[in-house]
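Data block for input_1.txt (compact mmCIF, C-alpha atoms and all ligand atoms):
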```txt
# COMPACT_ATOMS: atom_id res chain seq x y z
CA VAL A 1443 -21.51 15.01 9.87
CA ILE A 1444 -18.84 16.48 7.59
CA ARG A 1445 -19.55 17.10 3.90
CA CYS A 1446 -16.41 16.85 1.76
CA ARG A 1447 -15.10 15.43 -1.48
CA ALA A 1448 -14.06 11.84 -2.16
CA ALA A 1449 -13.14 9.80 -5.23
CA VAL A 1450 -15.92 7.21 -5.29
CA ALA A 1451 -15.58 3.88 -7.14
CA TRP A 1452 -19.20 3.15 -8.11
CA ALA A 1453 -18.61 -0.15 -9.90
CA VAL A 1454 -15.87 -2.48 -11.14
CA GLY A 1455 -14.19 -1.13 -14.26
CA LYS A 1456 -15.71 2.39 -13.99
CA PRO A 1457 -13.33 5.33 -13.50
CA LEU A 1458 -13.26 6.98 -10.07
CA SER A 1459 -15.69 9.86 -9.76
CA VAL A 1460 -15.07 12.86 -7.48
CA GLU A 1461 -18.28 13.40 -5.49
CA GLU A 1462 -19.54 15.24 -2.46
CA VAL A 1463 -19.92 12.70 0.36
CA GLU A 1464 -21.12 12.78 3.97
CA VAL A 1465 -18.75 11.42 6.61
CA ALA A 1466 -20.49 10.57 9.91
CA PRO A 1467 -18.75 11.23 13.24
CA PRO A 1468 -16.57 8.48 14.73
CA LYS A 1469 -18.34 6.00 17.01
CA ALA A 1470 -16.75 4.41 20.11
CA GLY A 1471 -13.22 3.20 19.38
CA GLU A 1472 -13.01 5.11 16.08
CA VAL A 1473 -11.04 8.10 14.82
CA ARG A 1474 -12.04 10.65 12.16
CA ILE A 1475 -9.05 11.90 10.16
CA LYS A 1476 -8.63 14.87 7.82
CA MET A 1477 -6.59 13.28 5.02
CA VAL A 1478 -3.80 15.60 3.87
CA ALA A 1479 -1.96 13.37 1.40
CA THR A 1480 -2.50 10.03 -0.27
CA GLY A 1481 -0.38 7.85 -2.50
CA ILE A 1482 -1.81 5.68 -5.27
CA CYS A 1483 -0.80 2.03 -4.94
CA HIS A 1484 -1.27 -0.45 -7.76
CA THR A 1485 -3.52 -2.46 -5.41
CA ASP A 1486 -6.12 0.34 -5.73
CA GLU A 1487 -6.00 -0.18 -9.49
CA HIS A 1488 -6.26 -4.00 -9.16
CA THR A 1489 -9.30 -3.50 -6.91
CA LEU A 1490 -10.97 -1.11 -9.34
CA LYS A 1491 -10.49 -3.71 -12.08
CA GLY A 1492 -12.27 -6.32 -9.92
CA SER A 1493 -9.28 -8.47 -8.90
CA PHE A 1494 -10.57 -8.72 -5.30
CA PRO A 1495 -14.11 -10.10 -5.46
CA ASN A 1496 -14.60 -9.62 -1.69
CA VAL A 1497 -14.45 -5.83 -2.04
CA GLU A 1498 -17.97 -4.39 -2.22
CA PHE A 1499 -18.90 -1.41 -4.39
CA PRO A 1500 -19.58 1.49 -4.25
CA VAL A 1501 -16.40 2.01 -2.26
CA ILE A 1502 -13.88 4.72 -1.44
CA LEU A 1503 -10.46 3.24 -2.26
CA GLY A 1504 -6.98 4.44 -1.23
CA HIS A 1505 -4.90 2.92 1.53
CA GLU A 1506 -1.61 4.89 1.60
CA GLY A 1507 -2.24 8.21 3.30
CA ALA A 1508 -1.35 10.61 6.08
CA GLY A 1509 -3.48 13.17 7.88
CA ILE A 1510 -4.52 14.92 11.06
CA VAL A 1511 -6.99 13.61 13.64
CA GLU A 1512 -10.17 15.72 13.45
CA SER A 1513 -12.20 14.03 16.22
CA ILE A 1514 -12.24 10.84 18.27
CA GLY A 1515 -14.98 8.49 19.46
CA GLU A 1516 -15.65 7.40 23.01
CA GLY A 1517 -12.85 5.47 24.67
CA VAL A 1518 -10.08 6.43 22.21
CA THR A 1519 -6.86 7.09 24.13
CA SER A 1520 -3.91 6.63 21.72
CA VAL A 1521 -4.57 9.78 19.63
CA LYS A 1522 -6.25 13.16 20.09
CA PRO A 1523 -7.52 15.88 17.71
CA GLY A 1524 -4.59 17.64 16.02
CA ASP A 1525 -2.24 14.60 16.07
CA LYS A 1526 -0.55 13.70 12.79
CA VAL A 1527 -1.28 10.08 11.89
CA ILE A 1528 -0.87 7.37 9.27
CA PRO A 1529 -3.89 5.06 8.87
CA LEU A 1530 -2.83 1.39 8.77
CA CYS A 1531 -4.17 -0.79 5.94
CA LEU A 1532 -2.84 -3.70 8.00
CA PRO A 1533 -4.28 -3.05 11.46
CA GLN A 1534 -2.42 -3.74 14.71
CA CYS A 1535 -4.97 -4.84 17.32
CA GLY A 1536 -2.09 -5.68 19.66
CA GLU A 1537 -4.02 -8.61 21.15
CA CYS A 1538 -4.25 -11.44 18.59
CA SER A 1539 -1.67 -14.23 18.37
CA PHE A 1540 -0.12 -12.65 15.26
CA CYS A 1541 0.28 -9.21 16.86
CA LEU A 1542 1.83 -10.86 19.94
CA ASN A 1543 4.25 -12.91 17.81
CA PRO A 1544 7.54 -11.04 17.21
CA GLU A 1545 8.01 -12.83 13.86
CA SER A 1546 4.79 -11.47 12.32
CA ASN A 1547 2.59 -8.41 12.18
CA PHE A 1548 -0.21 -9.92 10.11
CA CYS A 1549 -2.96 -8.93 12.54
CA GLN A 1550 -5.94 -11.27 12.49
CA LYS A 1551 -8.22 -8.27 12.04
CA SER A 1552 -6.64 -7.80 8.59
CA HIS A 1553 -8.80 -8.10 5.47
CA ILE A 1554 -7.60 -11.68 4.92
CA SER A 1555 -9.38 -12.79 8.13
CA GLU A 1556 -12.18 -10.22 8.44
CA PRO A 1557 -14.01 -8.36 5.64
CA GLN A 1558 -13.32 -4.61 5.85
CA ASN A 1559 -16.08 -3.29 3.60
CA LEU A 1560 -17.79 -1.90 6.71
CA LEU A 1561 -16.29 -0.72 10.01
CA PRO A 1562 -16.03 -3.38 12.78
CA ASP A 1563 -19.59 -2.60 14.02
CA LYS A 1564 -20.83 -3.57 10.49
CA THR A 1565 -21.98 -0.07 9.51
CA THR A 1566 -20.47 2.55 7.18
CA ARG A 1567 -19.65 6.19 7.97
CA PHE A 1568 -19.83 7.21 4.27
CA THR A 1569 -22.90 8.17 2.24
CA CYS A 1570 -23.16 9.73 -1.21
CA LYS A 1571 -26.35 10.82 -3.01
CA GLY A 1572 -28.38 8.97 -0.38
CA LYS A 1573 -26.50 5.69 -0.91
CA GLN A 1574 -24.23 3.92 1.56
CA VAL A 1575 -20.63 3.77 0.37
CA HIS A 1576 -18.26 1.03 1.58
CA HIS A 1577 -14.92 1.43 3.33
CA PHE A 1578 -11.73 -0.08 1.88
CA LEU A 1579 -9.25 -1.88 4.17
CA TRP A 1580 -10.87 0.30 6.88
CA VAL A 1581 -8.82 3.29 5.73
CA SER A 1582 -10.30 4.76 2.47
CA THR A 1583 -7.73 7.50 1.95
CA PHE A 1584 -9.28 8.83 -1.30
CA ALA A 1585 -11.59 11.00 0.82
CA GLU A 1586 -10.92 14.38 2.43
CA TYR A 1587 -12.17 12.89 5.73
CA THR A 1588 -12.23 9.24 6.71
CA VAL A 1589 -13.16 7.21 9.80
CA VAL A 1590 -10.99 4.29 10.93
CA PRO A 1591 -10.81 2.00 14.00
CA GLU A 1592 -8.32 3.21 16.63
CA TYR A 1593 -6.18 0.09 16.13
CA ALA A 1594 -5.72 1.03 12.47
CA VAL A 1595 -4.07 4.39 13.23
CA ALA A 1596 -0.43 5.17 14.07
CA LYS A 1597 0.49 8.50 15.63
CA ILE A 1598 3.57 10.02 13.96
CA ASP A 1599 6.03 12.84 14.66
CA ALA A 1600 4.42 16.30 14.60
CA ALA A 1601 7.21 17.52 12.27
CA ALA A 1602 6.69 14.76 9.65
CA PRO A 1603 5.95 16.05 6.11
CA LEU A 1604 2.62 14.36 5.35
CA ASP A 1605 3.04 14.44 1.56
CA LYS A 1606 6.15 12.26 1.94
CA VAL A 1607 5.39 10.00 4.91
CA CYS A 1608 2.04 8.94 3.40
CA LEU A 1609 4.11 6.37 1.43
CA LEU A 1610 4.88 4.59 4.72
CA GLY A 1611 1.22 3.52 4.73
CA CYS A 1612 1.81 0.83 2.11
CA GLY A 1613 4.38 0.92 -0.72
CA PHE A 1614 7.47 1.90 1.24
CA SER A 1615 6.90 -0.53 4.13
CA THR A 1616 6.01 -3.34 1.71
CA GLY A 1617 9.16 -2.98 -0.38
CA TYR A 1618 11.68 -1.95 2.28
CA GLY A 1619 10.29 -4.58 4.68
CA ALA A 1620 10.52 -7.29 2.00
CA ALA A 1621 14.27 -6.65 1.71
CA ILE A 1622 15.05 -6.10 5.40
CA ASN A 1623 12.58 -8.33 7.28
CA THR A 1624 11.41 -11.03 4.88
CA ALA A 1625 14.45 -11.70 2.68
CA LYS A 1626 16.95 -10.45 5.30
CA VAL A 1627 19.36 -9.36 2.54
CA LYS A 1628 23.01 -9.80 3.60
CA PRO A 1629 25.92 -7.37 3.05
CA GLY A 1630 27.81 -8.04 -0.19
CA SER A 1631 24.94 -9.96 -1.82
CA THR A 1632 23.37 -9.56 -5.27
CA CYS A 1633 19.71 -8.65 -5.71
CA ALA A 1634 17.30 -8.33 -8.64
CA ILE A 1635 14.14 -6.23 -8.45
CA PHE A 1636 11.41 -6.68 -11.07
CA GLY A 1637 9.26 -3.53 -11.32
CA LEU A 1638 10.27 -0.07 -10.16
CA GLY A 1639 7.03 1.43 -8.88
CA GLY A 1640 6.47 2.52 -5.30
CA VAL A 1641 7.10 -1.00 -4.01
CA GLY A 1642 10.10 -1.87 -6.23
CA LEU A 1643 11.95 1.41 -5.57
CA SER A 1644 11.47 0.78 -1.84
CA VAL A 1645 12.99 -2.70 -2.28
CA VAL A 1646 15.99 -0.99 -3.95
CA MET A 1647 16.33 1.25 -0.87
CA GLY A 1648 16.09 -1.77 1.44
CA CYS A 1649 18.75 -3.73 -0.48
CA LYS A 1650 21.05 -0.71 -0.43
CA ALA A 1651 20.52 -0.19 3.33
CA ALA A 1652 21.26 -3.90 3.90
CA GLY A 1653 24.62 -3.49 2.13
CA ALA A 1654 23.94 -5.43 -1.10
CA SER A 1655 26.87 -4.97 -3.48
CA ARG A 1656 24.93 -5.44 -6.71
CA ILE A 1657 21.34 -4.26 -7.19
CA ILE A 1658 19.89 -5.06 -10.61
CA ALA A 1659 16.70 -3.12 -11.33
CA VAL A 1660 14.36 -4.35 -14.09
CA ASP A 1661 11.53 -2.38 -15.70
CA ILE A 1662 9.98 -2.00 -19.16
CA ASN A 1663 9.67 1.75 -18.50
CA LYS A 1664 13.16 3.26 -18.76
CA ASP A 1665 11.94 6.52 -17.23
CA LYS A 1666 12.14 4.70 -13.87
CA PHE A 1667 15.90 4.15 -14.12
CA ALA A 1668 17.15 7.60 -13.00
CA LYS A 1669 15.25 7.34 -9.69
CA ALA A 1670 16.32 3.70 -9.21
CA LYS A 1671 20.00 4.67 -9.64
CA GLU A 1672 19.60 7.61 -7.28
CA LEU A 1673 18.23 5.20 -4.64
CA GLY A 1674 20.97 2.59 -5.04
CA ALA A 1675 20.47 0.42 -8.17
CA THR A 1676 23.85 -0.53 -9.68
CA ASN A 1677 22.40 -1.81 -13.01
CA CYS A 1678 19.11 -0.93 -14.72
CA ILE A 1679 17.88 -3.20 -17.50
CA ASN A 1680 14.87 -3.14 -19.80
CA PRO A 1681 13.60 -6.58 -20.91
CA ARG A 1682 12.53 -4.99 -24.22
CA ASP A 1683 16.19 -4.32 -25.09
CA PHE A 1684 16.95 -8.06 -25.17
CA LYS A 1685 15.80 -10.97 -27.35
CA LYS A 1686 16.28 -13.62 -24.65
CA PRO A 1687 14.23 -13.79 -21.44
CA ILE A 1688 15.44 -11.28 -18.87
CA GLN A 1689 16.15 -13.98 -16.26
CA GLU A 1690 18.73 -15.47 -18.67
CA VAL A 1691 20.31 -12.02 -19.09
CA ILE A 1692 20.55 -11.69 -15.29
CA THR A 1693 22.04 -15.17 -14.96
CA GLU A 1694 24.73 -14.23 -17.51
CA MET A 1695 25.43 -10.91 -15.79
CA THR A 1696 25.94 -12.59 -12.42
CA GLY A 1697 27.43 -15.96 -13.41
CA GLN A 1698 24.89 -18.03 -11.49
CA GLY A 1699 21.90 -15.81 -10.75
CA VAL A 1700 21.21 -13.45 -7.88
CA ASP A 1701 21.08 -14.18 -4.14
CA TYR A 1702 17.72 -12.44 -3.71
CA SER A 1703 15.02 -11.76 -6.28
CA PHE A 1704 11.96 -9.53 -5.70
CA GLU A 1705 8.86 -9.34 -7.88
CA ALA A 1706 7.17 -5.93 -7.47
CA ILE A 1707 4.92 -5.90 -10.55
CA GLY A 1708 2.08 -8.32 -9.77
CA HIS A 1709 2.21 -10.76 -12.74
CA ALA A 1710 2.42 -14.56 -12.46
CA GLU A 1711 4.77 -14.49 -15.48
CA THR A 1712 7.30 -12.13 -13.90
CA LEU A 1713 7.08 -14.05 -10.59
CA VAL A 1714 8.30 -17.13 -12.48
CA GLY A 1715 11.04 -15.01 -14.15
CA GLY A 1716 12.07 -13.69 -10.75
CA ILE A 1717 12.42 -17.18 -9.33
CA SER A 1718 14.52 -18.24 -12.34
CA ALA A 1719 16.80 -15.24 -11.86
P1 LIG B 1 3.40 0.33 -9.91
O1 LIG B 1 2.36 0.23 -10.96
O2 LIG B 1 3.72 1.66 -9.30
O3 LIG B 1 4.79 -0.27 -10.45
C1 LIG B 1 4.88 -1.43 -11.25
C2 LIG B 1 6.11 -1.28 -12.15
O4 LIG B 1 6.27 -2.49 -12.89
C3 LIG B 1 6.00 -0.14 -13.17
O5 LIG B 1 7.16 0.69 -13.10
C4 LIG B 1 5.88 -0.88 -14.51
O6 LIG B 1 6.50 -0.16 -15.58
C5 LIG B 1 6.65 -2.16 -14.23
N1 LIG B 1 6.27 -3.29 -15.10
C6 LIG B 1 5.02 -3.64 -15.55
N2 LIG B 1 5.10 -4.76 -16.31
C7 LIG B 1 6.40 -5.12 -16.33
C8 LIG B 1 7.12 -6.20 -16.95
N3 LIG B 1 6.49 -7.13 -17.67
N4 LIG B 1 8.47 -6.29 -16.75
C9 LIG B 1 9.13 -5.34 -16.02
N5 LIG B 1 8.51 -4.30 -15.41
C10 LIG B 1 7.16 -4.19 -15.57
O7 LIG B 1 2.97 -0.72 -8.77
P2 LIG B 1 3.23 -0.69 -7.19
O8 LIG B 1 2.25 0.23 -6.53
O9 LIG B 1 4.68 -0.53 -6.92
O10 LIG B 1 2.76 -2.19 -6.83
C11 LIG B 1 3.44 -3.31 -7.39
C12 LIG B 1 2.70 -4.60 -7.08
O11 LIG B 1 2.74 -4.87 -5.67
C13 LIG B 1 1.20 -4.55 -7.43
O12 LIG B 1 0.81 -5.82 -7.95
C14 LIG B 1 0.53 -4.29 -6.10
O13 LIG B 1 -0.80 -4.77 -6.06
C15 LIG B 1 1.42 -5.09 -5.17
N6 LIG B 1 1.42 -4.62 -3.76
C16 LIG B 1 1.40 -5.55 -2.78
C17 LIG B 1 1.47 -5.17 -1.46
C18 LIG B 1 1.46 -6.18 -0.38
O14 LIG B 1 1.35 -7.36 -0.65
N7 LIG B 1 1.59 -5.79 0.87
C19 LIG B 1 1.57 -3.81 -1.14
C20 LIG B 1 1.63 -2.88 -2.17
C21 LIG B 1 1.56 -3.30 -3.48
ZN ZN B 2 -0.91 -0.87 -1.29
```
In C-alpha cells, write the structure found in this file.
Amino acid sequence: VIRCRAAVAWAVGKPLSVEEVEVAPPKAGEVRIKMVATGICHTDEHTLKGSFPNVEFPVILGHEGAGIVESIGEGVTSVKPGDKVIPLCLPQCGECSFCLNPESNFCQKSHISEPQNLLPDKTTRFTCKGKQVHHFLWVSTFAEYTVVPEYAVAKIDAAAPLDKVCLLGCGFSTGYGAAINTAKVKPGSTCAIFGLGGVGLSVVMGCKAAGASRIIAVDINKDKFAKAKELGATNCINPRDFKKPIQEVITEMTGQGVDYSFEAIGHAETLVGGISA
C-alpha cells in the first residue's frame, strides 16, 4: 500500500480537499501509476457541482493525466514498471463491437454503459481516514498514485514531456478529434468555435490542420484570444462587444453562416447559438 496525497471530493458542491490517502496495490489486470501531471477539464468541475448524478462521492476526480507505471497486477502484458503512460478516461477493451468498429471508439466499458465508481471487480483501491473513496472514470488523476484497468492505459513514447502530453487524455483529443474525425472539416471551409478552453483551443488546432480558411473563435474572456490566434484563429470575437446575438454577427461576417460550428462551452444556450451560426 502506498500512502500519498490526493485531492478528495467529499461531497457535491464542497471544494476539493488535499488529503493523505492509501492506494492499494493493483490486482490482476490492473496497473498502478505514479501520476506526474494532470490537466483540469471542465467536466471535473461539472462533476463536483453534481451534474452527473451517477458519480458517487467521496471520489478522486481528474481524468486528463500522464505518469509512469509503478507496478502491475497479475496477467498485465501491455505495460511494465517504468513505462510512461496516459490513462484513458474512455477505455479501449479492444473486444466489444464498438472497439472493433473502425467508425467508433466508444468502448462499451465506458462510463455510459458501465458505472466506473469502483474498479471492474467492484472494489476500490483508495481509502482516506478509514473511508473508502470512489474512482472516477477509472482514472482518478488528482492523486499522486492511481490504479486503473490495463485496458484504460496507453503506453507512450519514453521521450514524451508528461506535463504537455497529459492534455491528450481528454481536452486535446476531444477538440482536435471533433474537427478531424467527427466534423471532417474540409480545406478552404469556414469554422466557428464557441469557447476557447482546453477543448475549444484544440478544435482551433484541428480546423487549422484540416486547412480551414476562416476560423472564427468566440469567447467572453478576451484573454483567450492571443492563444487562439497563435494556434490558428483568423478572427476572435467577444459576444459582450455586440448588442445583437453573436450568431447574427457571425452570419453577417460570413454572408450565410459557417460551414462547421463547434460548441466547446457546455451550455444549452450556446449550443443553440452554434447551430444558428
Ligand atoms: P473551459 O472552462 O476550459 O473553457 C470554456 C470556455 O468557454 C472558457 O474560455 C469560457 O470563458 C468560455 N465561455 C463560458 N461561457 C461562455 C459564453 N456564454 N460565450 C462564449 N464563451 C463562453 O472548459 P473545457 O475544459 O474546454 O470544456 C468545455 C466543455 O466541454 C465542458 O462543458 C466540458 O464538460 C466539455 N467536455 C466534453 C468532453 C467530451 O464530451 N468528450 C471532453 C472534455 C470536455
Ligand atoms: Zn474531460
Contact residues around segment 1660-1670 of chain A with only C-alpha atoms at 9 Å, ignoring same-chain residues under 5 positions, as a PDB file with C-alpha atoms, keeping the file's coordinate frame:
```pdb
ATOM      1  CA  ALA A1634      17.300  -8.330  -8.640  1.00  0.00           C
ATOM      2  CA  ILE A1635      14.140  -6.230  -8.450  1.00  0.00           C
ATOM      3  CA  PHE A1636      11.410  -6.680 -11.070  1.00  0.00           C
ATOM      4  CA  GLY A1637       9.260  -3.530 -11.320  1.00  0.00           C
ATOM      5  CA  LEU A1638      10.270  -0.070 -10.160  1.00  0.00           C
ATOM      6  CA  GLY A1639       7.030   1.430  -8.880  1.00  0.00           C
ATOM      7  CA  GLY A1642      10.100  -1.870  -6.230  1.00  0.00           C
ATOM      8  CA  LEU A1643      11.950   1.410  -5.570  1.00  0.00           C
ATOM      9  CA  VAL A1646      15.990  -0.990  -3.950  1.00  0.00           C
ATOM     10  CA  MET A1647      16.330   1.250  -0.870  1.00  0.00           C
ATOM     11  CA  ALA A1675      20.470   0.420  -8.170  1.00  0.00           C
ATOM     12  CA  THR A1676      23.850  -0.530  -9.680  1.00  0.00           C
ATOM     13  CA  ASN A1677      22.400  -1.810 -13.010  1.00  0.00           C
ATOM     14  CA  CYS A1678      19.110  -0.930 -14.720  1.00  0.00           C
ATOM     15  CA  ILE A1679      17.880  -3.200 -17.500  1.00  0.00           C
ATOM     16  CA  ASN A1680      14.870  -3.140 -19.800  1.00  0.00           C
ATOM     17  CA  PRO A1681      13.600  -6.580 -20.910  1.00  0.00           C
ATOM     18  CA  ARG A1682      12.530  -4.990 -24.220  1.00  0.00           C
ATOM     19  CA  ASP A1683      16.190  -4.320 -25.090  1.00  0.00           C
ATOM     20  CA  ILE A1688      15.440 -11.280 -18.870  1.00  0.00           C
TER      21      ILE A1688
END
```
Given all atoms listed in the file as the counted atoms, nearest of A:Ala1602, A:Val1478, A:Val1511, A:Leu1609 to ligand LIG 1 (chain B)
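Ranked by minimum distance to ligand LIG 1 (chain B), first place goes to A:Leu1609.
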Using all atoms of segment 1684-1697 of chain A that appear in the file, construct an axis-aligned enclosing box with 4 Å of padding on every side and provide its centre coordinates and edge lengths in Å, rounded to one decimal, as AutoDock Vina command-line options.
```
--center_x 20.8 --center_y -12.0 --center_z -19.9 --size_x 21.2 --size_y 15.9 --size_z 22.9
```
Using all atoms listed in the file, which of A:Gly1613, A:Gly1708, A:Ile1598, A:His1577 sits nearest Ile1502 of chain A?
A:His1577
Ranking A:Cys1538, A:Cys1531, A:Leu1458, A:Ala1621 by minimum distance to Trp1580 of chain A and counting all atoms listed in the file, which one comes first?
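Residue with the minimum atom-to-atom distance to Trp1580 of chain A: A:Cys1531.
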From A:Val1714, A:Val1595, A:Ile1444, A:Cys1612, residue lying nearest Lys1526 of chain A [only C-alpha atoms]:
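Between A:Val1714, A:Val1595, A:Ile1444, A:Cys1612, the residue approaching Lys1526 of chain A most closely is A:Val1595.
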Expected selection as a PyMOL selection string for ligand ZN 2 (chain B) within 12 Å, only C-alpha atoms and all ligand atoms:
chain A and resi 1480-1489+1503-1507+1530-1532+1578-1579+1581-1583+1608-1617+1639-1641+1706+1708
Writing out the chosen residues with C-alpha atoms as a compact mmCIF listing (two decimals), in the frame of the given file:
```txt
# COMPACT_ATOMS: atom_id res chain seq x y z
CA THR A 1480 -2.50 10.03 -0.27
CA GLY A 1481 -0.38 7.85 -2.50
CA ILE A 1482 -1.81 5.68 -5.27
CA CYS A 1483 -0.80 2.03 -4.94
CA HIS A 1484 -1.27 -0.45 -7.76
CA THR A 1485 -3.52 -2.46 -5.41
CA ASP A 1486 -6.12 0.34 -5.73
CA GLU A 1487 -6.00 -0.18 -9.49
CA HIS A 1488 -6.26 -4.00 -9.16
CA THR A 1489 -9.30 -3.50 -6.91
CA LEU A 1503 -10.46 3.24 -2.26
CA GLY A 1504 -6.98 4.44 -1.23
CA HIS A 1505 -4.90 2.92 1.53
CA GLU A 1506 -1.61 4.89 1.60
CA GLY A 1507 -2.24 8.21 3.30
CA LEU A 1530 -2.83 1.39 8.77
CA CYS A 1531 -4.17 -0.79 5.94
CA LEU A 1532 -2.84 -3.70 8.00
CA PHE A 1578 -11.73 -0.08 1.88
CA LEU A 1579 -9.25 -1.88 4.17
CA VAL A 1581 -8.82 3.29 5.73
CA SER A 1582 -10.30 4.76 2.47
CA THR A 1583 -7.73 7.50 1.95
CA CYS A 1608 2.04 8.94 3.40
CA LEU A 1609 4.11 6.37 1.43
CA LEU A 1610 4.88 4.59 4.72
CA GLY A 1611 1.22 3.52 4.73
CA CYS A 1612 1.81 0.83 2.11
CA GLY A 1613 4.38 0.92 -0.72
CA PHE A 1614 7.47 1.90 1.24
CA SER A 1615 6.90 -0.53 4.13
CA THR A 1616 6.01 -3.34 1.71
CA GLY A 1617 9.16 -2.98 -0.38
CA GLY A 1639 7.03 1.43 -8.88
CA GLY A 1640 6.47 2.52 -5.30
CA VAL A 1641 7.10 -1.00 -4.01
CA ALA A 1706 7.17 -5.93 -7.47
CA GLY A 1708 2.08 -8.32 -9.77
```
